[in-house]
Structures are given as structure tokens and as C-alpha cells.
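Presented below is the structure to which this report refers.
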Amino acid sequence: MQPFNFGQFTADSSPLRHVDPRVKILTVVVLSILIFRATIGEIVMISLFVGLVIWISRVSLQEIWGALKPIAVFAVLLFLLHLFFTEGRDIFPIPLLPVRITYEGLENGFLVVWQFAALVTAGALLTMTTPPSALVAALEKLLRPLKILRIPTQDLAVMVSMALRFVPTFSEEYNRMKTARIARGGDLNGKGLFRKLKAAISIVVPLILSAFRRADDLAAAMEARGYARGPRTTLSELRLTGMDFAALAVMVSFTGLTVVIRFIDF
Amino acid sequence: MITFKDVSYQYGEKTPPVLEGMDLQIPDGQYVALIGPNGCGKTTLIKHLNALLIPSRGEVRINGMNTRETSCHRDIRCHVGMVFQNPDHQIVGMSVEEDVAFGLENLAVPSREIAPLVRNALSRVGMDGFEKRAPFSLSGGEKRLASIAGVLIMNPRYLALDEPTAYLDPAGRRRILLMIRQLHREGMGIIHVTHDIGEVADADRIIVMEGGGIIMDGTPAEICSFLMSRDNPGLEAPAMAALMAKLKESGWDLPINIISLEDAYKEIHYCMSQLAREKGFTKSPEIPSPSG
């Protein structure tokens with residue numbers, strides 16, 4: 001069975017691998033805000049920036065396409081929704097149907113799909129160049145101020161880490177169950193919606209039951225190794241280096257530039 | 001010292017007790033094997049050693065600490081390390097080093113001190129260089145060794161292992177058993193749960209469990225004679241002992257309380273030398289030793 005890498009962390013040799021995960025998470029959050037508020041001009045600029053980051057990260061375009069492919073159907077639907085249901089000047093009228101194709105719809109459709117793709121690309125870059133454990137450590141640090149509100153941030157981080165840890169377990173378990181079904185003559189790729197649904201349920205129910213059992217065992221194993229509420233430390237200590245400050249400076253400059261351009265537009 | 005005093009345990013109020021009226025003492029540094037058929041309470045017993053289960057009646061004390069006192073649980077868990085039957089069910093980290101470090105993280109050991117201790121623990125189990133590997137990509141034996149390293153890093157005085165050789169091929173099995181012997185030689189107390197008496201021939205003491213209680217407690221030789229003397233549902237007499245019994249039936253003068261291949265070899269070799277002398281042969285027969 002193939003080893004499973006969550007979040008498709010594949011770019012171990014990427015220069016971005018060594019940037020502090022907190023900086024990368026912050027950058028993705030800021031980019032997301034910029035992307036959602038972007039006009040056509042701004043989204044072009046953001047895309048150029050993301051393109052530059054892809055080039056620096058040495059992640060192949062094939063891998064980026066691999067991350068975008070699963071959302072293609074959703075993106076097409078999003079585009080069509082905007083295309084057909086936006087008020088504005090008609091490109092051409094559609095007789096007998098309650099929908100219109102407008103210039104504004106076309107523009108909105110393009111913009112929204114572009115925004116969506118840029119957002120997914122930024123997220124994929126984060127997960128491809130950051131090991132899951134580093135993501136969890138960063139999350140724990142970033143959430144730390146919430147401790148003032150008595151939110152157990154360390155426990156939250158452990159929960160996220162355990163959720164990530166369960167992904168390969170589920171994947172393995174699913175494959176095992178699937179093979180067992182096929183070995184006993186089960187048809188998992190049958191034609192027809194009802195058959196497909198039946199086949200899926202026959203795997204999903206035992207998978208969930210097994211997940212509960214596994215969770216129980218894991219909880220016992222964690223307790224046995226001294227896990228309890230209270231102060232914890234982590235193996236990897238995150239420390240900002242010169243490279244991280246440089247990355248932060250680039251991010252701040254780019255954000256500033258985008259904001260300035262928006263004001264000039266006004 | 002680990003002490004069980006009149007310990008009973010039942011998983012639910014309406015279910016029959018899995019352990020009943022158990023009294024047991026395990027001194028520091030002793031290698032104790034627990035054998036018995038499925039459902040006899042072996043796993044339930046060792047879960048009491050780590051305060052994962054608290055007795056329904058009676059008390060368990062680990063180095064004087066009562067497992068009922070929750071304030072002692074962290075110390076108890078540092079004192080007795082627990083390795084579960086299936087290593088896949090106890091992996092908590094996304095890399096071997098993260099998994100091994102988990103115990104120390106829980107003890108709030110400063111980050112900079114953890115990495116060298118992780119390397120040391122992995123080195124103790126012969127897994128140098130495995131730090132960055134994903135635990136799920138390891139072989140069964142390697143996963144088991146990594147889980148032992150994850151426990152050893154907490155520096156326990158006892159190691160409780162629940163069927164540590166289950167699902168392993170002969171090479172993996174041998175590696176784990178050698179590791180256990182090595183740890184015992186270093187002075188660590190071992191509580192080894194198994195179905196196969198053959199793999200605990202080196203134990204100081206073997207405890208046979210049945211129906212939630214102890215039916216025999218003795219040295220490997222004593223336990224071997226005991227198992228040969230009765231019908232044991234769910235528990236087989238050691239293969240070597242069965243072989244010796246067959247040879248004895250055929251007229252060979254051999255003891256039947258033999259568990260290990262090495263001991264069987266010594267006895268048969270001695271017996272054949274005697275026979276050769278009686279028949280007037282000048283040279284003893286050559287038999288290749290089990291180690292080749």
C-alpha cells in the first residue's frame with residue numbers, strides 16, 4: 001500500500017519548506033482577504049504574486065493543477081451561476097428561459113472563478129511546502145493569545161494533530177475494507193445511483209464504527225504516555241529567522257501596494 | 001514493587017468480572033510472563049499497571065502509589081511503560097521522532113532537551129536514522145520497536161508489553177525478543193503478555209491465567225511440567241516439551257520441562273553422548289547446534 005501524505009506535503013526540498021509555518025499561514029490568511037475583495041486589476045496582480053511564489057517554491061505546475069482539478073466542476077458551476085443570474089446589459093437574449101447572459105455576469109463569473117482558483121492555489125502551496133506537524137505547531141502558537149479567554153489552545157492543537165494522524169489510518173482502513181469486499185465478490189463500481197450508494201454505505205458504516213474503536217485505543221495509548229490536561233511542550237520549537245522576516249516584509253509590502261492601488265483607483 | 005491486593009475488575013455492572021480476587025507482587029527488575037487463553041484477563045491485568053483501568057474492588061500499588069489517586073497517574077505512567085498489542089493503534093505522531101517525543105512533550109520537558117533524548121531512545125532500540133520517517137511506512141517490527149522507544153524515552157522501571165510479537169514475521173519476532181532480553185539485562189522489570197510460552201523461556205517467572213485468576217505461578221520449568229500434566233483449553237504446551245515427552249515415551253531418558261530450542265539441543269546432545277558411551281563408541285555424535 002502506498003504511504004499517504006496528508007495535504008500532499010511533497011515539496012520537501014522547496015525553499016519555502018524552511019519558512020516558518022506561522023508566516024506562511026499568515027500570508028495565506030492575508031492573501032485570502034485580498035483575494036475576496038479584489039477587482040479584476042487586483043486579482044491579476046495577486047495572481048502574478050502567487051505565480052512568483054510558485055516559481056520560488058519549485059512546486060511544479062502539474063502539482064498545482066493536481067490541487068485545482070478536484071474543484072474544477074465546482075468552479076464551472078460557480079461561473080454558470082454568475083453568468084446566468086447577474087443583472088446587467090444583455091450580451092444576447094435567451095427566449096423562453098428565465099435566465100439572461102449579461103456582460104456583468106460574464107465579468108463576475110470570471111472574477112469569482114479566478115478568485116477561487118487563486119485561493120485554492122495559495123492554500124495548496126501552504127500544505128505542499130509545510131509538513132502537517134509544523135502546521136499544527138504553528139496553529140498552536142498562533143492561537144495562543146486565546147488562552148486569555150480560557151480556550152485550551154494546546155488541546156485544540158493536539159486535536160487537530162490527531163485528526164491529521166487519522167487520515168492515513170482511514171485511508172488504510174478504507175482500502176482494506178474495499179479489498180475485502182472485492183475479494184468476496186462485492187461490486188463497488190456497479191452502475192446506477194442506487195447501487196453506488198448501497199456500495200458506499202456498505203463501506204462507510206463499518207469505517208465509522210472502526211474509527212470509533214481506533215479512537216478509543218488511541219485515547220488509551222495517549223493516556224498511557226502521560227497525556228493529560230496541563231502544560232505541554234513540543235519537539236519542534238518555532239523561531240523566526242532572517243528568512244522569515246524577509247518573507248514577512250515581502251508580504252506586508254505586497255499588501256500595502258494592493259491597498260495603495262485600491263485608493264488610487266478611488 | 002508492583003502489588004495487586006484482592007483486585008477484581010468488571011467492565012460493566014451487569015457483565016461478569018474479568019479479574020477476580022487477584023493477589024500479585026512483582027519485584028523491581030523481574031521478568032514476568034503472563035500466559036493464558038483469550039479472554040482470561042491478561043490485557044485487563046496489564047492495563048491496571050498503567051492506571052488505564054482502576055480496580056472495581058481491591059487496590060493496585062505501583063512503587064507504593066495507589067492507582068486510585070489520580071494525582072499519581074502521571075508518575076505511575078512514567079514508572080510503568082505500556083506497549084499495546086497493535087502498534088498502529090498507538091502511533092500519535094506524523095513522523096517517528098514526533099511519535100517518540102510524545103511522552104516527553106506531555107511531561108513538559110523543554111523542547112531543546114527532547115531531540116537528543118529521542119535520538120538516544122531510537123538508538124537503544126537499534127533505529128538510528130529513522131527520525132524523519134513516517135511511522136505508517138515502517139515494517140511491523142520497526143513500528144513495534146518505535147513504540148517501545150516511545151515508552152523507553154520516559155525512563156520507566158517496568159515495561160508492560162501486550163503480545164509484542166503478534167503479527168510479526170520470524171525476523172521481526174526475534175528482533176523484539178532480543179530487545180526485551182537486552183532491556184531485562186539492563187535491569188528493567190518486564191511484564192510480557194503472550195500466548196506462546198516458547199518465547200518467554202528466559203523469563204524469571206511465568207504466571208498462567210484462566211477465567212480472571214492465576215492458576216499457576218512458577219519458573220518456566222515448573223510451568224512447563226504443569227502444562228504437560230493437564231489438558232489446557234486455549235493454551236498449548238511448549239513444542240519442545242511435547243517433543244521431549246514423545247522421545248521419553250520412546251525410551252529416551254529426557255526431562256519434559258524444556259521450553260527453548262537451545263535447552264532441548266543440550267539435553268538431546270547429552271543423552272546421545274551417554275548412549276554412544278554405553279554402546280562403546282569412542283567418539284560422541286556430531287549434532288549441529290540450533291544456532292547453526
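To be explicit about the labels: the chains of the C-alpha cells are called A, B, and onward in the order shown, and within each one the residues are counted from 1, while ligands get numbers from 1 in the order they are shown.
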
Within 7 Å of chain A, which residues of chain B come that close, and what is the closest atom pair and distance in Å for each? Count only C-alpha atoms and give it as CSV.
residue,atom,partner,partner_atom,distance
B:Asn50,CA,A:Ala224,CA,6.4
B:Leu52,CA,A:Ala224,CA,6.8
B:Arg74,CA,A:Gly226,CA,5.5
B:Arg77,CA,A:Ala224,CA,6.0
B:Met82,CA,A:Ala224,CA,6.5
B:His89,CA,A:Leu218,CA,5.6
B:Gln90,CA,A:Ala221,CA,5.1
B:Val92,CA,A:Arg165,CA,6.7
B:Gly93,CA,A:Arg165,CA,6.8
B:Met94,CA,A:Arg165,CA,6.2
B:Glu98,CA,A:Leu235,CA,6.8
B:Ala101,CA,A:Leu235,CA,6.5
B:Gly103,CA,A:Arg225,CA,5.0
B:Glu105,CA,A:Thr233,CA,4.7
B:Asn106,CA,A:Arg232,CA,5.1
B:Leu107,CA,A:Arg232,CA,6.6
B:Ala108,CA,A:Arg232,CA,4.4
B:Val109,CA,A:Thr233,CA,6.4
B:Pro110,CA,A:Thr233,CA,6.4
B:Ser111,CA,A:Leu235,CA,5.2
B:Ile114,CA,A:Leu235,CA,6.1
B:Ala115,CA,A:Leu235,CA,6.7
B:Phe136,CA,A:Pro3,CA,6.8
B:Ser137,CA,A:Pro3,CA,5.8

Skip Ser202 in chain A itself and residues of its chain fewer than 5 positions away, then list as a VMD selection string all residues within 12 Å of it, counting only C-alpha atoms. chain A and resid 174 177 to 178 180 to 182 186 to 188 195 to 197 207 to 209

Which residues are near Leu156 in chain A? Cut-off 12 Å, only C-alpha atoms, ignore same chain within fewer than 2 positions. Put them as JSON, numbers by chain. {"A": [136, 137, 139, 140, 141, 142, 143, 144, 146, 147, 150, 151, 152, 153, 154, 158, 159, 160, 161, 162, 163, 229]}

Just the selected residues (C-alpha atoms), exported as an mmCIF file, in the first residue's frame, please.
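So part.cif came out as:
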data_model
loop_
_atom_site.group_PDB
_atom_site.id
_atom_site.type_symbol
_atom_site.label_atom_id
_atom_site.label_comp_id
_atom_site.auth_asym_id
_atom_site.auth_seq_id
_atom_site.Cartn_x
_atom_site.Cartn_y
_atom_site.Cartn_z
ATOM 1 C CA VAL A 136 -0.118 22.107 13.918
ATOM 2 C CA ALA A 137 2.770 23.673 15.855
ATOM 3 C CA LEU A 139 -1.565 26.795 14.748
ATOM 4 C CA GLU A 140 -0.869 26.223 18.434
ATOM 5 C CA LYS A 141 1.373 29.297 18.568
ATOM 6 C CA LEU A 142 -0.996 31.497 16.584
ATOM 7 C CA LEU A 143 -3.951 30.525 18.763
ATOM 8 C CA ARG A 144 -2.015 31.068 21.993
ATOM 9 C CA LEU A 146 -6.883 32.865 23.006
ATOM 10 C CA LYS A 147 -5.635 31.363 26.264
ATOM 11 C CA ARG A 150 -9.530 30.246 28.740
ATOM 12 C CA ILE A 151 -9.669 28.451 25.415
ATOM 13 C CA PRO A 152 -7.471 25.299 25.692
ATOM 14 C CA THR A 153 -5.311 26.103 22.669
ATOM 15 C CA GLN A 154 -2.811 23.289 23.320
ATOM 16 C CA VAL A 158 -3.420 18.198 19.750
ATOM 17 C CA MET A 159 -6.947 17.597 18.428
ATOM 18 C CA VAL A 160 -6.001 18.935 15.002
ATOM 19 C CA SER A 161 -2.836 16.852 15.079
ATOM 20 C CA MET A 162 -4.815 13.694 15.942
ATOM 21 C CA ALA A 163 -7.307 14.471 13.162
ATOM 22 C CA ARG A 229 -4.672 18.449 30.749
#

Show me, as a PyMOL selection string, the residues that have an atom within 8 Å of Thr39 in chain A when counting only C-alpha atoms, minus same-chain residues fewer than 3 positions from it. chain A and resi 42-43+111

Output file for the residues above (N, CA and C atoms, as a PDB file, in the first residue's frame):
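Okay, out-v5.pdb is ready:
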ATOM      1  N   GLU A  42      -6.748  43.957  -9.510  1.00  0.00           N
ATOM      2  CA  GLU A  42      -6.029  43.460  -8.325  1.00  0.00           C
ATOM      3  C   GLU A  42      -5.792  41.952  -8.400  1.00  0.00           C
ATOM      4  N   ILE A  43      -6.784  41.236  -8.931  1.00  0.00           N
ATOM      5  CA  ILE A  43      -6.624  39.763  -8.982  1.00  0.00           C
ATOM      6  C   ILE A  43      -5.496  39.383  -9.946  1.00  0.00           C
ATOM      7  N   LEU A 111     -14.302  36.593 -12.620  1.00  0.00           N
ATOM      8  CA  LEU A 111     -13.636  37.096 -11.412  1.00  0.00           C
ATOM      9  C   LEU A 111     -13.740  36.070 -10.280  1.00  0.00           C
TER      10      LEU A 111
END

Taking only range 4-197 of chain B into account, list the residues labelled strand (DSSP E) by DSSP (computed from the backbone), as number ranges by chain. B: 4-9, 19-26, 31-35, 57-62, 65-66, 80-83, 158-162, 189-194

Kindly export the residues of the current selection with C-alpha atoms, as a JSON list (two decimals), in the first residue's frame.
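Wrote it out as part-v3.json, contents follow:
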[["chain", "number", "residue", "atom", "x", "y", "z"],
["B", 4, "PHE", "CA", -2.14, -6.29, 43.43],
["B", 5, "LYS", "CA", -4.27, -6.81, 46.52],
["B", 6, "ASP", "CA", -7.56, -8.69, 46.08],
["B", 7, "VAL", "CA", -8.13, -6.99, 42.71],
["B", 8, "SER", "CA", -11.38, -7.57, 40.84],
["B", 9, "TYR", "CA", -12.47, -5.80, 37.71],
["B", 19, "LEU", "CA", -10.40, -10.30, 37.04],
["B", 20, "GLU", "CA", -11.43, -11.76, 40.35],
["B", 21, "GLY", "CA", -9.69, -11.60, 43.73],
["B", 22, "MET", "CA", -6.23, -11.29, 42.25],
["B", 23, "ASP", "CA", -3.19, -11.05, 44.52],
["B", 24, "LEU", "CA", 0.17, -10.49, 42.88],
["B", 25, "GLN", "CA", 3.56, -9.00, 43.62],
["B", 26, "ILE", "CA", 6.21, -8.17, 41.04],
["B", 31, "TYR", "CA", 10.95, -10.63, 34.01],
["B", 32, "VAL", "CA", 7.40, -11.91, 34.38],
["B", 33, "ALA", "CA", 5.45, -13.58, 31.59],
["B", 34, "LEU", "CA", 1.67, -13.73, 31.63],
["B", 35, "ILE", "CA", 0.17, -16.55, 29.63],
["B", 57, "ARG", "CA", -12.51, -3.86, 44.08],
["B", 58, "GLY", "CA", -9.15, -4.11, 45.82],
["B", 59, "GLU", "CA", -6.10, -1.97, 45.05],
["B", 60, "VAL", "CA", -3.11, -1.79, 42.79],
["B", 61, "ARG", "CA", 0.04, -0.08, 44.03],
["B", 62, "ILE", "CA", 2.96, 0.87, 41.81],
["B", 65, "MET", "CA", 1.42, 4.75, 44.63],
["B", 66, "ASN", "CA", -2.24, 3.76, 44.64],
["B", 80, "VAL", "CA", 5.40, 1.59, 34.08],
["B", 81, "GLY", "CA", 5.64, 1.98, 30.32],
["B", 82, "MET", "CA", 2.96, 0.28, 28.29],
["B", 83, "VAL", "CA", 3.32, -1.14, 24.78],
["B", 158, "TYR", "CA", 8.89, -1.56, 34.22],
["B", 159, "LEU", "CA", 7.87, -2.28, 30.68],
["B", 160, "ALA", "CA", 4.48, -3.94, 30.13],
["B", 161, "LEU", "CA", 4.15, -5.48, 26.67],
["B", 162, "ASP", "CA", 0.87, -6.85, 25.37],
["B", 189, "GLY", "CA", 11.27, -5.08, 35.01],
["B", 190, "ILE", "CA", 9.37, -6.78, 32.17],
["B", 191, "ILE", "CA", 5.75, -7.87, 32.14],
["B", 192, "HIS", "CA", 5.31, -9.81, 28.91],
["B", 193, "VAL", "CA", 1.85, -10.99, 27.85],
["B", 194, "THR", "CA", 1.90, -13.82, 25.34]]

So what do you get for CA of Ala211 in chain A versus CA of Phe170 in chain A, distance-wise?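 Atom-to-atom, CA of Ala211 in chain A and CA of Phe170 in chain A are spaced 7.5 Å apart.
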
Do you have the CA of Leu247 in chain B-CA of Ala171 in chain B distance handy?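 One can read the CA of Leu247 in chain B to CA of Ala171 in chain B distance as 29.3 Å.
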
Separation of CA of Val252 in chain A from CA of Thr27 in chain A, in Å and rounded to one decimal: 8.9 Å

Fewer than 3 positions away in the same chain doesn't count, so skip those; otherwise give me all residues within 12 Å of Gly66 in chain A, counting only C-alpha atoms, as an NGL selection string. :A and (7-8 or 59-63 or 69-72 or 120-121 or 124-125 or 128)
